[in-house]
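Colleague: Handing you this structure, nothing more for now.
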2 protein chains.
Amino acid sequence: MSATRPPTPVNGAELLRNTLLDCGISVCFANPGTSEMHFVAALDHEPRMRCVLGLQENVVTGAADGYGRMSGHPAATLLHLGPGLANGLANLHNARRARTPIVNVVGDHASTHLALDAPLTTDIESLARPMSDAVRRVTDPDDVQAATLEVYRAARDRPGVATLILPADASWGGLSEQHCRAPPAAPCTAAASAQVDAVAQAVARHARSGARIGLLLGGKALRRPALPVAGRIAEALGARLLCEPLSGRLERGAGTVAVEKIPYPIVKAVECLATLDVLVLVGCKAPVGFFAYPGLPGKLCGDSCEILTLSAAADDAAIALAHLQNGLGIRPGPVRCIAFAPPAAPVDGATLTPQDVCQRIAAGLPEGAILCDEALTSMAVLYAKTRAAAAHDYLQNTGGAIGIGPPLAIGAALACPDRKVVNVQADGSAMYTIQALWTQARERLNILTIILSNRSYAILHHEMRGVGIDSPGENSRRMLDLVDPALDFAQIARGLGVEAVSARTPREFAAAYARGLAASAPFLIDAVLCT
Amino acid sequence: MSATRPPTPVNGAELLRNTLLDCGISVCFANPGTSEMHFVAALDHEPRMRCVLGLQENVVTGAADGYGRMSGHPAATLLHLGPGLANGLANLHNARRARTPIVNVVGDHASTHLALDAPLTTDIESLARPMSDAVRRVTDPDDVQAATLEVYRAARDRPGVATLILPADASWGGLSEQHCRAPPAAPCTAAASAQVDAVAQAVARHARSGARIGLLLGGKALRRPALPVAGRIAEALGARLLCEPLSGRLERGAGTVAVEKIPYPIVKAVECLATLDVLVLVGCKAPVGFFAYPGLPGKLCGDSCEILTLSAAADDAAIALAHLQNGLGIRPGPVRCIAFAPPAAPVDGATLTPQDVCQRIAAGLPEGAILCDEALTSMAVLYAKTRAAAAHDYLQNTGGAIGIGPPLAIGAALACPDRKVVNVQADGSAMYTIQALWTQARERLNILTIILSNRSYAILHHEMRGVGIDSPGENSRRMLDLVDPALDFAQIARGLGVEAVSARTPREFAAAYARGLAASAPFLIDAVLCT
């Protein structure tokens with residue numbers, strides 16, 4: 001075996017391994033089964049592929065999401081047949097909504113076995129399609145390279161989730177064709193410049209007429225190098241910079257350009273946008289309500305607001321913004337940034353509130369941290385408190401499928417081993433993918449998990465009030481509360497190999513937080529909130 | 001509110017509640033979200049519906065499977081949109097393969113909201129179809145009753161998984177029609193008697209000619225009243241009684257008719273059936289290999305074996321067997337049963353083996369226990385050792401999607417509150433749905449969980465040897481071993497509210513088992529095996 005090239009493949013599984021390596025994919029998040037054994041064998045002695053086991057597939061796919069968001073490059077997954085894919089679909093859904101590149105490899109029975117309807121047989125395409133931007137089934141061993149390159153390009157260029165279905169006989173079957181290194185990849189797509197020019201002219205016209213303009217940023221527009229460009233344009237136009245309630249990745253904190261987040265509650269979201277005459281979409285689509293409510297609108301912008309699409313979600317927003325700056329005749333230059341001004345953190349008090357916890361997190365957040373926010377009910381508090389903290393990346397649950405935080409942190413930590421990852425995590429959602437803690441321990445990842453234990457699906461209690469039920473009865477409480485028994489997250493974490501403590505006062509939390517920040521291995525704090 | 005009839009419904013959600021109650025559905029396994037809030041509200045003050053929360057949807061669906069297998073009647077589920085359904089698909093797959101009746105209720109966005117492609121929007125039908133025997137979307141509030149009855153009948157009569165998609169506006173919308181109690185349900189289907197008569201004649205002819213006959217039993221044929229009838233027929237014909245490697249529910253142990261299980265390993269399975277001239281299918285289909293392997297057959301019966309279908313998997317096998325007995329002119333009468341002869345259980349030894357554990361389980365198994373077997377690598381040992389234990393029901397993972405054991409035990413315990421449930425559980429599979437322990441604690445269920453901790457996906461190590469890899473390298477070990485760190489199941493269980501101990505010797509295990517059997521609340525033993 002050469003140190004720089006994979007060995008010559010003898011079957012489809014080895015060709016898949018070589019093609020993934022040729023595409024620069026070096027991490028495979030996996031939970032394989034019998035039908036994937038030949039691919040496992042092909043990876044066995046290949047040190048250039050880091051294989052990371054998740055104890056349930058939603059850990060696997062959520063980790064691939066975190067990795068793709070922070071590295072900008074797809075990881076591969078390896079899932080076992082329809083049920084393995086099904087277990088990972090929820091976090092693939094979140095990844096698709098975040099437009100994270102993922103090469104999602106799903107094994108299937110040998111083609112000849114499918115007609116027999118063996119117990120594990122399912123319609124994998126039907127399962128994959130709703131959570132994938134592309135789905136491709138390998139037809140035979142010689143098709144492996146073409147299929148893998150197709151899927152890789154789909155994942156990288158849209159970007160998004162591209163699923164490769166690998167039948168066992170395509171994996172174990174011998175190759176008849178010669179297969180050399182994969183051809184070089186095509187460049188990323190950008191919005192057509194004609195479209196950008198037309199939007200630039202319209203925006204310039206609106207600005208001259210004194211219209212109230214907002215730029216809604218998504219994708220790459222929310223980080224360097226695009227975000228300062230967006231800031232410069234907004235200053236020149238007197239426009240507002242906005243982002244959606246949930247974004248895949250934001251650069252925030254001291255030294256970054258301030259972006260106003262559209263609130264999550266539907267009534268506040270509509271109010272936030274009501275004063276706009278023009279909304280320019282940069283790497284996203286027109287904003288809509290997360291859920292429908294009787295008598296409330298679905299679209300967040302009123303009919304009087306003109307919507308202009310500078311670049312769609314699949315386009316490269318950074319390229320589009322540079323074009324727009326140019327088209328508007330705005331010179332590059334310094335832009336107003338947030339000054340470092342973290343909140344003071346409390347130490348007194350007999351009980352712990354979400355405010356206490358979020359202030360302390362913000363006050364001590366290390367420069368360059370990656371904050372994985374699945375705080376849900378406490379999301380607004382966390383977001384507000386961290387505004388002027390040290391510079392950090394902020395990753396959110398974009399698709400609304402809960403249980404993303406702990407696996408997302410795995411992927412982010414693997415992509416950025418020199419940065420601290422802080423996962424602020426609602427308790428109910430944590431229980432969806434609690435298995436992720438074991439992978440954090442095994443890979444010795446620099447992740448601090450903070451569980452906000454309010455011991456209920458608190459956001460649903462809020463929704464119940466919206467339905468007109470102020471005092472829930474027995475059955476509602478049984479479906480929305482996480483008590484009787486209370487979850488002891490510190491004990492669960494230790495059982496999974498992660499050091500952990502509980503905190504019930506601001507002082508205890510401050511000590512625990514300092515300890516968690518100082519650790520270089522995974523650490524968990526169960527912040528038991530006063531509710 | 002009347003004590004015997006639900007209140008008059010004012011919206012679709014309340015009509016759904018009433019229709020489910022009218023169908024005799026009294027348990028709802030749930031993990032709801034915002035789009036299901038009106039249905040939660042409708043259930044809130046309805047004591048006739050027991051709402052059981054699962055902390056992840058695969059717990060919800062697996063519990064519904066256990067309930068349906070043991071009660072013979074469907075439970076309802078309540079899942080939140082596409083991602084909630086996705087999380088529960090793996091155990092719905094197992095339920096479908098076990099032909100368990102389940103009314104699977106999945107909320108969706110309001111119809112008007114779907115076109116906006118809000119973050120949680122997915123193609124629910126595409127996700128549901130592969131794991132459902134029927135899928136029906138409610139069109140509007142007035143359609144709720146018709147749709148629910150359709151789905152209920154599909155679940156009960158095939159039997160199988162029937163999915164009802166409930167848009168939020170069909171739930172919250174007012175009713176324009178008068179809705180009275182649901183009409184009485186149609187009877188279960190049986191195989192056409194003409195088909196049974198033809199099979200009876202063929203079987204009689206084969207028996208006269210000295211052919212070697214096997215009866216392959218599935219569904220209701222594996223328990224009373226059908227199983228003794230099958231035993232009587234087999235004795236009269238000199239035929240073998242067989243069952244598939246994995247069955248949804250078997251009556252086993254002392255006082256039951258012995259059934260020979262087709263081995264799981266493909267080579268042994270083919271050998272087991274090689275001597276048959278005729279195989280009669282009773283409530284199942286022709287046997288096939290679980291996986292395909294290079295050069296090995298997919299169908300387990302050779303071409304020289306004639307296959308006769310007495311009744312298909314969707315038919316009532318009990319009715320078909322009674323017809324067959326009659327058609328063959330066999331009189332009802334006593335049948336040979338297994339005598340009570342549990343194995344002696346070891347107490348000496350410095351380490352614990354699967355044999356030690358399974359012998360002890362068999363020796364002490366209480367009469368009428370329900371044994372939930374997800375022992376995987378140790379399945380064959382457990383099955384052999386429990387053959388002549390006290391009479392019990394034996395539930396297995398029929399679909400091969402791992403993580404069924406702990407939730408299956410929940411459903412079985414709720415359906416049969418007076419019986420002890422013993423879940424013998426592989427460690428890797430336990431981690432898929434470990435959240436189930438919390439529901440066991442909350443519902444105070446009489447479940448003893450025994451984790452067989454061999455600290456690997458041992459069955460996959462076996463498969464690796466089949467691929468020709470005898471000494472796995474770094475990447476295989478990282479994907480197939482559950483070490484570094486070891487999982488401490490006792491600690492995890494206590495964190496989830498379940499009393500637990502570890503056992504590392506036969507003596508420790510004997511003491512723990514006695515304690516677990518004596519408990520009436522959930523109890524877990526982490527049996528740390530010598531590997």
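Ligands are numbered from 1 in the order shown, chains are lettered A, B, ... in the order of the structure tokens, and residues start at 1 in each chain.
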I'd like the contact shell of A:Arg515 - 12 Å cut-off, only C-alpha atoms, skipping same-chain residues fewer than 6 positions apart - returned as a count of residues only.

Modeller: 13

Colleague: Taking the chain letters and numbering used in this document, name the residues of stretch 96-143 of chain B that DSSP puts in alpha helix (DSSP H), as a list in words.

Modeller: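 The alpha helix (DSSP H) residues within stretch 96-143 of chain B come out as Arg96, Arg97, Ala98, Ser111, Thr112, His113, Leu114, Ile124, Glu125, Ser126, Leu127 and Ala128 of chain B.
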
Colleague: Write the residues you've just listed into a file as an mmCIF file, in the first residue's frame, and include all heavy atoms for each of them.

Modeller:
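Once written, selection-v5.cif looks like this:
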data_model
loop_
_atom_site.group_PDB
_atom_site.id
_atom_site.type_symbol
_atom_site.label_atom_id
_atom_site.label_comp_id
_atom_site.auth_asym_id
_atom_site.auth_seq_id
_atom_site.Cartn_x
_atom_site.Cartn_y
_atom_site.Cartn_z
ATOM 1 N N ARG B 96 -44.571 -4.183 11.613
ATOM 2 C CA ARG B 96 -45.176 -4.610 10.349
ATOM 3 C C ARG B 96 -44.769 -6.046 10.036
ATOM 4 O O ARG B 96 -45.580 -6.859 9.591
ATOM 5 C CB ARG B 96 -44.742 -3.668 9.224
ATOM 6 C CG ARG B 96 -45.519 -3.841 7.942
ATOM 7 C CD ARG B 96 -45.176 -2.781 6.931
ATOM 8 N NE ARG B 96 -43.957 -3.086 6.212
ATOM 9 C CZ ARG B 96 -43.897 -3.804 5.077
ATOM 10 N NH1 ARG B 96 -45.005 -4.249 4.521
ATOM 11 N NH2 ARG B 96 -42.749 -4.040 4.494
ATOM 12 N N ARG B 97 -43.494 -6.375 10.296
ATOM 13 C CA ARG B 97 -43.017 -7.740 10.023
ATOM 14 C C ARG B 97 -43.612 -8.739 11.008
ATOM 15 O O ARG B 97 -43.696 -9.927 10.709
ATOM 16 C CB ARG B 97 -41.488 -7.773 10.083
ATOM 17 C CG ARG B 97 -40.804 -7.018 8.945
ATOM 18 C CD ARG B 97 -41.115 -7.649 7.600
ATOM 19 N NE ARG B 97 -40.429 -6.977 6.495
ATOM 20 C CZ ARG B 97 -40.565 -7.345 5.217
ATOM 21 N NH1 ARG B 97 -41.352 -8.352 4.875
ATOM 22 N NH2 ARG B 97 -39.918 -6.685 4.267
ATOM 23 N N ALA B 98 -43.991 -8.257 12.197
ATOM 24 C CA ALA B 98 -44.649 -9.141 13.165
ATOM 25 C C ALA B 98 -46.153 -9.187 12.940
ATOM 26 O O ALA B 98 -46.852 -9.928 13.615
ATOM 27 C CB ALA B 98 -44.365 -8.665 14.583
ATOM 28 N N SER B 111 -53.104 22.138 6.228
ATOM 29 C CA SER B 111 -53.043 21.959 4.774
ATOM 30 C C SER B 111 -52.555 23.221 4.076
ATOM 31 O O SER B 111 -51.789 23.159 3.112
ATOM 32 C CB SER B 111 -54.429 21.587 4.248
ATOM 33 O OG SER B 111 -54.999 20.609 5.079
ATOM 34 N N THR B 112 -53.014 24.374 4.561
ATOM 35 C CA THR B 112 -52.652 25.646 3.935
ATOM 36 C C THR B 112 -51.171 25.974 4.132
ATOM 37 O O THR B 112 -50.617 26.783 3.398
ATOM 38 C CB THR B 112 -53.459 26.789 4.575
ATOM 39 O OG1 THR B 112 -53.313 26.679 6.010
ATOM 40 C CG2 THR B 112 -54.929 26.682 4.225
ATOM 41 N N HIS B 113 -50.547 25.387 5.111
ATOM 42 C CA HIS B 113 -49.156 25.712 5.450
ATOM 43 C C HIS B 113 -48.166 24.887 4.629
ATOM 44 O O HIS B 113 -47.002 25.270 4.489
ATOM 45 C CB HIS B 113 -48.925 25.453 6.943
ATOM 46 C CG HIS B 113 -47.813 26.256 7.559
ATOM 47 N ND1 HIS B 113 -47.827 27.637 7.610
ATOM 48 C CD2 HIS B 113 -46.640 25.885 8.143
ATOM 49 C CE1 HIS B 113 -46.722 28.068 8.203
ATOM 50 N NE2 HIS B 113 -45.984 27.025 8.537
ATOM 51 N N LEU B 114 -48.643 23.763 4.069
ATOM 52 C CA LEU B 114 -47.706 22.836 3.415
ATOM 53 C C LEU B 114 -47.006 23.469 2.216
ATOM 54 O O LEU B 114 -45.814 23.248 2.005
ATOM 55 C CB LEU B 114 -48.446 21.559 2.981
ATOM 56 C CG LEU B 114 -48.784 20.602 4.133
ATOM 57 C CD1 LEU B 114 -49.614 19.429 3.624
ATOM 58 C CD2 LEU B 114 -47.502 20.092 4.800
ATOM 59 N N ILE B 124 -44.689 13.198 4.203
ATOM 60 C CA ILE B 124 -44.986 12.183 5.219
ATOM 61 C C ILE B 124 -45.423 10.860 4.590
ATOM 62 O O ILE B 124 -45.053 9.783 5.055
ATOM 63 C CB ILE B 124 -46.040 12.709 6.218
ATOM 64 C CG1 ILE B 124 -45.450 13.907 6.992
ATOM 65 C CG2 ILE B 124 -46.483 11.619 7.193
ATOM 66 C CD1 ILE B 124 -46.354 14.480 8.049
ATOM 67 N N GLU B 125 -46.179 10.937 3.507
ATOM 68 C CA GLU B 125 -46.611 9.699 2.842
ATOM 69 C C GLU B 125 -45.401 8.878 2.397
ATOM 70 O O GLU B 125 -45.367 7.658 2.562
ATOM 71 C CB GLU B 125 -47.489 10.003 1.616
ATOM 72 C CG GLU B 125 -48.960 10.237 1.931
ATOM 73 C CD GLU B 125 -49.265 11.685 2.297
ATOM 74 O OE1 GLU B 125 -48.304 12.455 2.563
ATOM 75 O OE2 GLU B 125 -50.455 12.043 2.322
ATOM 76 N N SER B 126 -44.415 9.555 1.820
ATOM 77 C CA SER B 126 -43.236 8.840 1.318
ATOM 78 C C SER B 126 -42.497 8.145 2.460
ATOM 79 O O SER B 126 -41.998 7.034 2.301
ATOM 80 C CB SER B 126 -42.311 9.829 0.599
ATOM 81 O OG SER B 126 -41.234 9.174 -0.028
ATOM 82 N N LEU B 127 -42.454 8.808 3.616
ATOM 83 C CA LEU B 127 -41.809 8.209 4.784
ATOM 84 C C LEU B 127 -42.634 7.055 5.352
ATOM 85 O O LEU B 127 -42.091 6.045 5.807
ATOM 86 C CB LEU B 127 -41.622 9.260 5.885
ATOM 87 C CG LEU B 127 -40.672 10.409 5.571
ATOM 88 C CD1 LEU B 127 -40.783 11.488 6.646
ATOM 89 C CD2 LEU B 127 -39.240 9.913 5.469
ATOM 90 N N ALA B 128 -43.946 7.218 5.355
ATOM 91 C CA ALA B 128 -44.814 6.253 6.042
ATOM 92 C C ALA B 128 -44.993 4.961 5.253
ATOM 93 O O ALA B 128 -45.068 3.877 5.830
ATOM 94 C CB ALA B 128 -46.180 6.882 6.303
#

Colleague: Give the strand (DSSP E or B) residues of stretch 240-357 of chain A, as DSSP finds them on the backbone, and put them as number ranges by chain.

Modeller: A: 240-243, 250-252, 260-261, 278-282, 288, 299, 306-311

Colleague: Could you give me, as a list in words, the residues within 12 Å of A:Gly255, counting only C-alpha atoms and dropping anything in the same chain fewer than 2 positions from it?

Modeller: Arg223, Arg224, Leu227, Pro228, Glu251, Arg252, Gly253, Val257, Ala258, Pro334, Val335, Arg336, Cys337, Ile338, Ala339, Phe340, Ala341, Glu367, Gly368, Arg387, Ala388, Ala389, Ala390, Ala391 and His392 of chain A

Colleague: Which residues come within 12 Å of B:Ser247, counting only C-alpha atoms, excluding same-chain residues fewer than 5 positions away, as number ranges by chain?

Modeller: A: 119; B: 69, 94-100, 216-223, 242, 252, 259, 261-262, 264, 283-284, 313, 372-374, 393-400

Colleague: Please determine, counting only C-alpha atoms, which residue among B:Ala384, B:Val421, B:Met70, B:Ile102 has the shortest atom-to-atom distance to B:Arg153.

Modeller: B:Ile102

Colleague: Neighbours of stretch 409-411 of chain B within 8 Å (only C-alpha atoms; same-chain residues fewer than 6 positions away dropped), as a ChimeraX atom specification?

Modeller: /B:62-68,70,372,421-423,436,439-440,445,447

Colleague: For the residues in that selection, give me N, CA, C and O atoms as a short mmCIF file (atom, residue, chain, number, x, y, z; two decimals), in the first residue's frame.

Modeller:
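Written out: out_29.cif:
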data_model
loop_
_atom_site.label_atom_id
_atom_site.label_comp_id
_atom_site.auth_asym_id
_atom_site.auth_seq_id
_atom_site.Cartn_x
_atom_site.Cartn_y
_atom_site.Cartn_z
N GLY B 62 -42.28 1.03 19.37
CA GLY B 62 -41.94 -0.30 19.87
C GLY B 62 -42.87 -0.73 20.99
O GLY B 62 -43.23 -1.90 21.11
N ALA B 63 -43.29 0.24 21.82
CA ALA B 63 -44.24 -0.07 22.88
C ALA B 63 -45.60 -0.43 22.29
O ALA B 63 -46.27 -1.37 22.76
N ALA B 64 -46.00 0.28 21.25
CA ALA B 64 -47.27 -0.05 20.58
C ALA B 64 -47.21 -1.46 19.99
O ALA B 64 -48.20 -2.19 20.00
N ASP B 65 -46.03 -1.86 19.53
CA ASP B 65 -45.85 -3.21 18.99
C ASP B 65 -46.04 -4.25 20.11
O ASP B 65 -46.81 -5.21 19.96
N GLY B 66 -45.38 -4.05 21.23
CA GLY B 66 -45.51 -4.99 22.34
C GLY B 66 -46.94 -5.10 22.84
O GLY B 66 -47.43 -6.19 23.15
N TYR B 67 -47.60 -3.95 22.89
CA TYR B 67 -49.00 -3.93 23.34
C TYR B 67 -49.89 -4.72 22.38
O TYR B 67 -50.71 -5.55 22.79
N GLY B 68 -49.71 -4.47 21.08
CA GLY B 68 -50.53 -5.15 20.08
C GLY B 68 -50.28 -6.65 20.05
O GLY B 68 -51.21 -7.45 19.90
N MET B 70 -49.40 -8.59 22.51
CA MET B 70 -49.92 -9.28 23.69
C MET B 70 -51.42 -9.08 23.89
O MET B 70 -52.09 -9.94 24.46
N CYS B 372 -39.08 -11.12 26.34
CA CYS B 372 -38.77 -10.30 25.16
C CYS B 372 -37.31 -10.54 24.81
O CYS B 372 -36.42 -10.13 25.54
N VAL B 421 -42.55 -9.46 32.95
CA VAL B 421 -41.90 -9.32 31.65
C VAL B 421 -40.39 -9.36 31.87
O VAL B 421 -39.86 -8.63 32.71
N VAL B 422 -39.72 -10.25 31.14
CA VAL B 422 -38.26 -10.36 31.22
C VAL B 422 -37.70 -10.03 29.85
O VAL B 422 -38.00 -10.69 28.85
N ASN B 423 -36.92 -8.96 29.77
CA ASN B 423 -36.31 -8.53 28.51
C ASN B 423 -34.83 -8.91 28.53
O ASN B 423 -34.06 -8.34 29.28
N ALA B 436 -36.20 4.03 26.79
CA ALA B 436 -37.39 3.28 27.21
C ALA B 436 -37.40 3.01 28.71
O ALA B 436 -38.47 2.87 29.31
N THR B 439 -39.61 5.40 30.67
CA THR B 439 -41.05 5.12 30.60
C THR B 439 -41.40 3.93 31.48
O THR B 439 -42.45 3.92 32.14
N GLN B 440 -40.52 2.92 31.53
CA GLN B 440 -40.76 1.78 32.42
C GLN B 440 -40.86 2.26 33.88
O GLN B 440 -41.71 1.78 34.64
N LEU B 445 -43.71 -0.30 35.66
CA LEU B 445 -44.01 -1.56 34.98
C LEU B 445 -43.17 -2.70 35.55
O LEU B 445 -42.04 -2.51 35.98
N ILE B 447 -41.10 -5.02 34.82
CA ILE B 447 -40.16 -5.46 33.78
C ILE B 447 -38.77 -5.66 34.38
O ILE B 447 -38.24 -4.79 35.04
#
